[in-house]
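Participant: Sharing final.txt (compact mmCIF, C-alpha atoms) below.
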```txt
# COMPACT_ATOMS: atom_id res chain seq x y z
CA MET A 11 -143.19 58.57 -21.68
CA LEU A 12 -141.57 61.53 -23.39
CA ARG A 13 -137.81 61.87 -23.29
CA SER A 14 -136.45 64.86 -21.34
CA ASP A 15 -133.81 65.62 -23.97
CA TYR A 16 -134.17 65.77 -27.71
CA THR A 17 -131.65 63.60 -29.54
CA PRO A 18 -132.47 62.96 -33.21
CA THR A 19 -132.36 59.30 -34.16
CA PRO A 20 -129.59 58.81 -36.71
CA SER A 21 -130.96 55.54 -38.07
CA HIS A 22 -133.35 55.53 -41.02
CA PRO A 23 -133.60 59.33 -41.45
CA LEU A 24 -135.46 58.92 -44.74
CA ALA A 25 -138.10 56.74 -43.10
CA LEU A 26 -138.52 59.30 -40.33
CA ARG A 27 -138.93 62.13 -42.83
CA ARG A 28 -141.53 60.13 -44.72
CA ALA A 29 -143.45 59.37 -41.52
CA GLU A 30 -143.41 63.05 -40.58
CA SER A 31 -144.50 64.00 -44.07
CA ARG A 32 -147.48 61.65 -43.85
CA LEU A 33 -148.47 63.15 -40.50
CA PHE A 34 -148.29 66.69 -41.85
CA ASP A 35 -150.26 65.62 -44.92
CA ARG A 36 -153.01 64.09 -42.78
CA TYR A 37 -153.18 67.18 -40.57
CA GLN A 38 -152.98 69.91 -43.20
CA ARG A 39 -154.98 68.20 -45.94
CA ASP A 40 -157.56 66.31 -43.90
CA GLY A 41 -157.60 68.32 -40.67
CA ASP A 42 -156.74 65.18 -38.72
CA SER A 43 -156.33 66.31 -35.10
CA ASP A 44 -154.82 62.94 -34.16
CA ALA A 45 -152.00 63.56 -36.64
CA ARG A 46 -151.40 66.96 -35.07
CA ALA A 47 -151.30 65.41 -31.61
CA GLU A 48 -148.80 62.80 -32.82
CA LEU A 49 -146.60 65.53 -34.28
CA VAL A 50 -146.70 67.39 -30.97
CA GLU A 51 -145.73 64.24 -29.08
CA ARG A 52 -142.96 63.51 -31.56
CA PHE A 53 -141.35 66.95 -31.27
CA LEU A 54 -142.20 67.96 -27.71
CA PRO A 55 -138.78 66.68 -26.50
CA LEU A 56 -137.24 69.23 -28.88
CA ALA A 57 -139.21 72.03 -27.19
CA HIS A 58 -138.16 70.63 -23.81
CA HIS A 59 -134.50 70.61 -24.86
CA LEU A 60 -134.56 74.20 -26.14
CA ALA A 61 -136.35 75.44 -23.03
CA ARG A 62 -133.61 73.86 -20.90
CA ARG A 63 -131.03 75.98 -22.73
CA TYR A 64 -132.61 79.13 -21.30
CA GLU A 65 -133.38 77.85 -17.81
CA ARG A 66 -132.32 80.21 -15.02
CA SER A 67 -132.83 80.14 -11.27
CA THR A 68 -134.96 83.28 -11.57
CA GLU A 69 -137.18 81.87 -14.32
CA PRO A 70 -139.42 78.84 -13.57
CA PHE A 71 -138.73 76.08 -16.06
CA ASP A 72 -142.45 75.31 -16.35
CA ASP A 73 -142.99 78.81 -17.78
CA LEU A 74 -140.22 78.33 -20.31
CA LEU A 75 -141.56 74.91 -21.31
CA GLN A 76 -145.00 76.39 -21.82
CA VAL A 77 -143.58 79.11 -24.09
CA ALA A 78 -141.57 76.54 -26.05
CA SER A 79 -144.56 74.19 -26.35
CA LEU A 80 -146.84 76.93 -27.66
CA ALA A 81 -144.10 77.88 -30.14
CA LEU A 82 -143.97 74.24 -31.26
CA LEU A 83 -147.70 74.30 -31.95
CA LYS A 84 -147.24 77.50 -33.94
CA ALA A 85 -144.43 75.88 -35.93
CA ILE A 86 -146.54 72.80 -36.69
CA ASP A 87 -149.43 74.95 -37.89
CA ARG A 88 -147.21 77.13 -40.09
CA PHE A 89 -144.82 74.53 -41.51
CA ASP A 90 -144.95 73.98 -45.27
CA PRO A 91 -143.61 70.49 -46.11
CA ASP A 92 -143.73 71.27 -49.84
CA ARG A 93 -140.67 73.52 -49.41
CA GLY A 94 -138.58 70.39 -48.90
CA ASP A 95 -137.01 71.48 -45.60
CA ALA A 96 -136.88 69.32 -42.50
CA PHE A 97 -139.40 70.36 -39.87
CA THR A 98 -136.69 70.84 -37.24
CA SER A 99 -134.95 73.45 -39.40
CA PHE A 100 -138.18 75.48 -39.20
CA ALA A 101 -139.18 74.63 -35.64
CA VAL A 102 -135.89 75.41 -33.87
CA PRO A 103 -135.66 79.12 -34.84
CA THR A 104 -139.40 79.50 -34.22
CA ILE A 105 -139.13 78.13 -30.68
CA LEU A 106 -135.93 80.02 -29.89
CA GLY A 107 -137.52 83.24 -31.15
CA GLU A 108 -140.48 82.81 -28.80
CA LEU A 109 -138.19 82.06 -25.86
CA LYS A 110 -136.12 85.17 -26.56
CA ARG A 111 -139.28 87.25 -26.91
CA HIS A 112 -140.52 85.90 -23.58
CA PHE A 113 -137.34 87.06 -21.85
CA ARG A 114 -137.39 90.40 -23.65
CA ASP A 115 -141.03 91.23 -22.94
CA THR A 116 -141.63 89.79 -19.47
CA GLY A 117 -138.38 88.92 -17.79
CA TRP A 118 -136.30 92.06 -17.46
CA ALA A 119 -136.80 94.24 -14.41
CA LEU A 120 -135.02 97.20 -16.07
CA HIS A 121 -135.01 98.44 -19.64
CA VAL A 122 -132.16 96.89 -21.58
CA PRO A 123 -131.74 97.28 -25.37
CA ARG A 124 -132.98 94.31 -27.37
CA GLY A 125 -129.56 93.56 -28.85
CA THR A 126 -127.99 93.48 -25.41
CA GLN A 127 -130.74 91.20 -24.12
CA GLU A 128 -130.10 88.71 -26.89
CA ARG A 129 -126.36 88.81 -26.22
CA VAL A 130 -127.03 88.15 -22.53
CA LEU A 131 -129.00 85.02 -23.43
CA GLN A 132 -126.35 83.93 -25.92
CA VAL A 133 -123.49 84.49 -23.47
CA ASN A 134 -125.29 82.85 -20.54
CA ALA A 135 -126.14 79.79 -22.64
CA ALA A 136 -122.50 79.50 -23.73
CA ILE A 137 -121.24 79.87 -20.14
CA ASP A 138 -123.62 77.16 -18.90
CA HIS A 139 -122.69 74.79 -21.72
CA MET A 140 -118.94 75.34 -21.37
CA SER A 141 -119.05 75.12 -17.56
CA GLU A 142 -120.90 71.81 -17.70
CA ARG A 143 -118.52 70.40 -20.31
CA ARG A 144 -115.27 71.61 -18.71
CA GLY A 145 -116.16 71.44 -15.04
CA HIS A 146 -115.24 75.09 -14.43
CA SER A 147 -116.41 78.54 -15.51
CA PRO A 148 -114.87 79.77 -18.78
CA SER A 149 -112.97 83.02 -19.04
CA PRO A 150 -114.53 85.97 -20.92
CA GLY A 151 -112.03 85.38 -23.72
CA GLU A 152 -113.10 81.75 -24.07
CA VAL A 153 -116.76 82.74 -24.14
CA ALA A 154 -116.04 85.43 -26.72
CA ALA A 155 -114.33 82.88 -28.97
CA ALA A 156 -117.21 80.42 -28.58
CA VAL A 157 -120.00 82.89 -29.46
CA GLY A 158 -118.06 84.99 -31.95
CA LEU A 159 -118.30 88.29 -30.05
CA PRO A 160 -115.65 90.77 -28.89
CA VAL A 161 -114.58 90.33 -25.28
CA GLU A 162 -115.96 93.82 -24.50
CA GLN A 163 -119.46 92.75 -25.59
CA VAL A 164 -119.21 89.57 -23.55
CA LEU A 165 -118.29 91.58 -20.44
CA GLU A 166 -121.11 94.02 -21.21
CA ALA A 167 -123.58 91.13 -21.49
CA ILE A 168 -122.44 89.66 -18.17
CA ALA A 169 -122.86 93.05 -16.48
CA ALA A 170 -126.22 93.65 -18.15
CA GLY A 171 -127.46 90.31 -16.83
CA ALA A 172 -127.64 91.94 -13.40
CA ALA A 173 -130.56 94.04 -14.70
CA TYR A 174 -132.70 90.94 -15.16
CA THR A 175 -133.96 91.03 -11.59
CA THR A 176 -134.18 93.66 -8.86
CA ALA A 177 -134.49 93.42 -5.10
CA SER A 178 -136.54 95.51 -2.73
CA LEU A 179 -134.66 97.89 -0.44
CA GLU A 180 -136.53 96.18 2.39
CA SER A 181 -135.05 92.77 1.51
CA PRO A 182 -133.09 91.29 4.42
CA ARG A 183 -129.31 91.25 4.28
CA HIS A 184 -127.08 89.06 6.42
CA SER A 185 -124.23 90.84 8.20
CA ASN A 186 -121.10 89.33 9.69
CA ASP A 187 -122.09 90.28 13.22
CA GLY A 188 -125.53 88.68 12.89
CA GLU A 189 -127.33 92.02 13.07
CA ALA A 190 -130.57 92.12 11.06
CA GLN A 191 -130.24 94.61 8.23
CA SER A 192 -132.03 95.43 5.01
CA ILE A 193 -130.40 96.39 1.73
CA GLY A 194 -131.60 99.96 2.29
CA ASP A 195 -129.79 100.10 5.66
CA VAL A 196 -126.38 99.70 4.04
CA MET A 197 -126.88 101.93 1.02
CA GLY A 198 -125.05 105.21 0.94
CA GLU A 199 -126.73 108.60 0.98
CA GLU A 200 -126.34 111.45 -1.46
CA ASP A 201 -123.30 113.52 -0.55
CA PRO A 202 -124.40 117.16 -0.23
CA ARG A 203 -120.92 118.21 -1.35
CA PHE A 204 -121.79 117.09 -4.88
CA GLU A 205 -123.61 120.39 -5.26
CA LEU A 206 -120.32 122.19 -4.60
CA ILE A 207 -118.44 120.60 -7.50
CA ASP A 208 -119.33 123.30 -10.04
CA ASP A 209 -118.66 126.02 -7.48
CA ARG A 210 -115.24 124.58 -6.68
CA ALA A 211 -114.36 124.46 -10.37
CA SER A 212 -115.40 128.08 -10.89
CA ILE A 213 -113.58 129.28 -7.78
CA GLY A 214 -110.49 127.33 -8.80
CA ARG A 215 -110.29 129.25 -12.08
CA GLY A 216 -110.69 132.53 -10.20
CA LEU A 217 -108.00 131.66 -7.68
CA ARG A 218 -105.52 130.76 -10.39
CA ALA A 219 -106.06 134.22 -11.89
CA LEU A 220 -105.03 135.98 -8.64
CA PRO A 221 -101.55 137.22 -7.76
CA ARG A 222 -99.65 134.90 -5.42
CA ARG A 223 -99.98 137.19 -2.38
CA GLU A 224 -103.74 137.47 -2.67
CA ARG A 225 -104.05 133.69 -3.08
CA SER A 226 -101.93 133.26 0.05
CA ILE A 227 -104.09 135.67 2.02
CA LEU A 228 -107.30 133.86 1.03
CA TYR A 229 -105.72 130.54 1.98
CA LEU A 230 -104.64 131.83 5.38
CA ARG A 231 -108.06 133.33 6.03
CA PHE A 232 -110.45 130.64 4.75
CA VAL A 233 -108.39 127.43 4.97
CA GLU A 234 -106.15 127.93 8.00
CA GLY A 235 -108.73 130.15 9.69
CA LEU A 236 -106.39 132.98 10.72
CA THR A 237 -107.87 136.34 11.64
CA GLN A 238 -107.07 139.41 9.60
CA SER A 239 -104.81 140.69 12.39
CA GLU A 240 -102.90 137.38 12.48
CA ILE A 241 -102.48 137.46 8.71
CA GLY A 242 -101.22 141.07 8.93
CA ASP A 243 -98.69 140.14 11.59
CA ARG A 244 -97.45 137.21 9.48
CA LEU A 245 -97.10 139.30 6.32
CA GLY A 246 -95.98 142.53 8.00
CA ILE A 247 -98.96 144.61 6.84
CA SER A 248 -101.86 146.24 8.65
CA GLN A 249 -105.15 144.53 9.39
CA MET A 250 -106.93 147.19 7.27
CA HIS A 251 -104.66 146.39 4.33
CA VAL A 252 -105.43 142.69 4.71
CA SER A 253 -109.15 143.45 4.70
CA ARG A 254 -108.91 145.45 1.47
CA LEU A 255 -106.86 142.69 -0.21
CA ILE A 256 -109.41 140.05 0.80
CA VAL A 257 -112.31 142.12 -0.57
CA ARG A 258 -110.46 142.79 -3.83
CA ALA A 259 -109.44 139.14 -4.25
CA ILE A 260 -112.99 137.91 -3.69
CA GLN A 261 -114.31 140.38 -6.25
CA ARG A 262 -111.79 139.14 -8.82
CA VAL A 263 -112.69 135.52 -8.15
CA ARG A 264 -116.38 136.33 -8.56
CA ILE A 265 -115.77 138.13 -11.87
CA VAL A 266 -113.81 135.19 -13.30
CA ALA A 267 -116.49 132.74 -12.12
CA ASP A 268 -119.27 134.82 -13.73
CA VAL A 269 -117.39 135.02 -17.02
CA ALA A 270 -116.78 131.26 -17.02
CA ALA A 271 -120.45 130.56 -16.33
```
For the structure just supplied, provide its representation as structure tokens.
Facilitator:
Amino acid sequence: MLRSDYTPTPSHPLALRRAESRLFDRYQRDGDSDARAELVERFLPLAHHLARRYERSTEPFDDLLQVASLALLKAIDRFDPDRGDAFTSFAVPTILGELKRHFRDTGWALHVPRGTQERVLQVNAAIDHMSERRGHSPSPGEVAAAVGLPVEQVLEAIAAGAAYTTASLESPRHSNDGEAQSIGDVMGEEDPRFELIDDRASIGRGLRALPRRERSILYLRFVEGLTQSEIGDRLGISQMHVSRLIVRAIQRVRIVADVAA
């Protein structure tokens, strides 16, 4: 039975390398399919171990193991023992590259830059490893030190991880009072006052350009809602005079707004 975790055997490393070399020689020189199968069985725990590093609740492990296993086959077919390198030094980056490509091409629900995706995987793997080892979640600073990234990039990766999956607006949501709700039921609506932001900015510039008395008259008329007669009584001027001042003030505000636009 295959082991679930890959742990290289420290004893007799030279003998192991020679045995692997003979298997690769039989497969690549003679086309021996049995040698290839033995190589796959020998290194499949490595693929299993690397797939575990990228396991998430949203990603079935069987899919990750399949990707890692196919990458192992690719590594076996492409490995050149004459270069003198150990097979694992070639297989590990090959398998990890395929796992990262799987996440990049099929996993993300929203478009996230490739560099950010890879940092998300790196940060998540570090968090899982450190949490398991320490018994508690590490701080962003501890993760940053472990992976060699600035804290800002670690926080960005954690936030970007939320883009990996999406939920339908019709998905059920549990409320405290037990009332059945969907995510869409509790989402806010577009505030129609957003359309007034530019207008408010333009009017504000125009108002600041007015004399104090004309600003006061516009405030009394359009904020406090006083009639022209009431404004006249408060300021000791006629209603007709108030009307002319309002018209003139509005014209000035409009001119300033048009110039600013």
Participant: Take CA of Ile137 (chain A) and CA of Gln76 (chain A) and report the distance between them in Å, one decimal.
Facilitator: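 Computed distance, CA of Ile137 (chain A) to CA of Gln76 (chain A), equals 24.1 Å.
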Participant: Pick out the closest residue to Pro150 (chain A) from this set: A:Arg222, A:Gly242, A:Asp138, A:Val164. Count only C-alpha atoms.
Facilitator: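 The shortest atom-to-atom distance to Pro150 (chain A) comes from A:Val164.
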Participant: Would you mind telling me which residue in A:Ala85, A:Leu206, A:Ala57, A:Ala154 lies nearest to Asp72 (chain A) when using only C-alpha atoms?
Facilitator: A:Ala57
Participant: Which is closest to Phe34 (chain A) among A:Ala219, A:Ala170, A:Leu165, A:Ala96, if we use all atoms listed in the file?
Facilitator: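 Comparing A:Ala219, A:Ala170, A:Leu165, A:Ala96 against Phe34 (chain A), the winner is A:Ala96.
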Participant: Return the single residue from A:Glu224, A:Asp73, A:Glu142, A:Glu51 that is closest to Ser253 (chain A), with distances computed using all atoms listed in the file.
Facilitator: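 The closest residue to Ser253 (chain A) is A:Glu224.
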Participant: List the residues sitting within 12 Å of (-127.0, 88.2, -27.1) in the file's frame, using only C-alpha atoms, as a compact mmCIF listing (two decimals) with C-alpha atoms, in the coordinates of the input.
Facilitator:
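Contents of the output file out_27.txt:
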```txt
# COMPACT_ATOMS: atom_id res chain seq x y z
CA LYS A 110 -136.12 85.17 -26.56
CA PHE A 113 -137.34 87.06 -21.85
CA ARG A 114 -137.39 90.40 -23.65
CA VAL A 122 -132.16 96.89 -21.58
CA PRO A 123 -131.74 97.28 -25.37
CA ARG A 124 -132.98 94.31 -27.37
CA GLY A 125 -129.56 93.56 -28.85
CA THR A 126 -127.99 93.48 -25.41
CA GLN A 127 -130.74 91.20 -24.12
CA GLU A 128 -130.10 88.71 -26.89
CA ARG A 129 -126.36 88.81 -26.22
CA VAL A 130 -127.03 88.15 -22.53
CA LEU A 131 -129.00 85.02 -23.43
CA GLN A 132 -126.35 83.93 -25.92
CA VAL A 133 -123.49 84.49 -23.47
CA ASN A 134 -125.29 82.85 -20.54
CA ALA A 135 -126.14 79.79 -22.64
CA ALA A 136 -122.50 79.50 -23.73
CA VAL A 153 -116.76 82.74 -24.14
CA ALA A 154 -116.04 85.43 -26.72
CA VAL A 157 -120.00 82.89 -29.46
CA GLY A 158 -118.06 84.99 -31.95
CA LEU A 159 -118.30 88.29 -30.05
CA PRO A 160 -115.65 90.77 -28.89
CA GLN A 163 -119.46 92.75 -25.59
CA VAL A 164 -119.21 89.57 -23.55
CA LEU A 165 -118.29 91.58 -20.44
CA GLU A 166 -121.11 94.02 -21.21
CA ALA A 167 -123.58 91.13 -21.49
CA ILE A 168 -122.44 89.66 -18.17
CA ALA A 170 -126.22 93.65 -18.15
CA GLY A 171 -127.46 90.31 -16.83
```
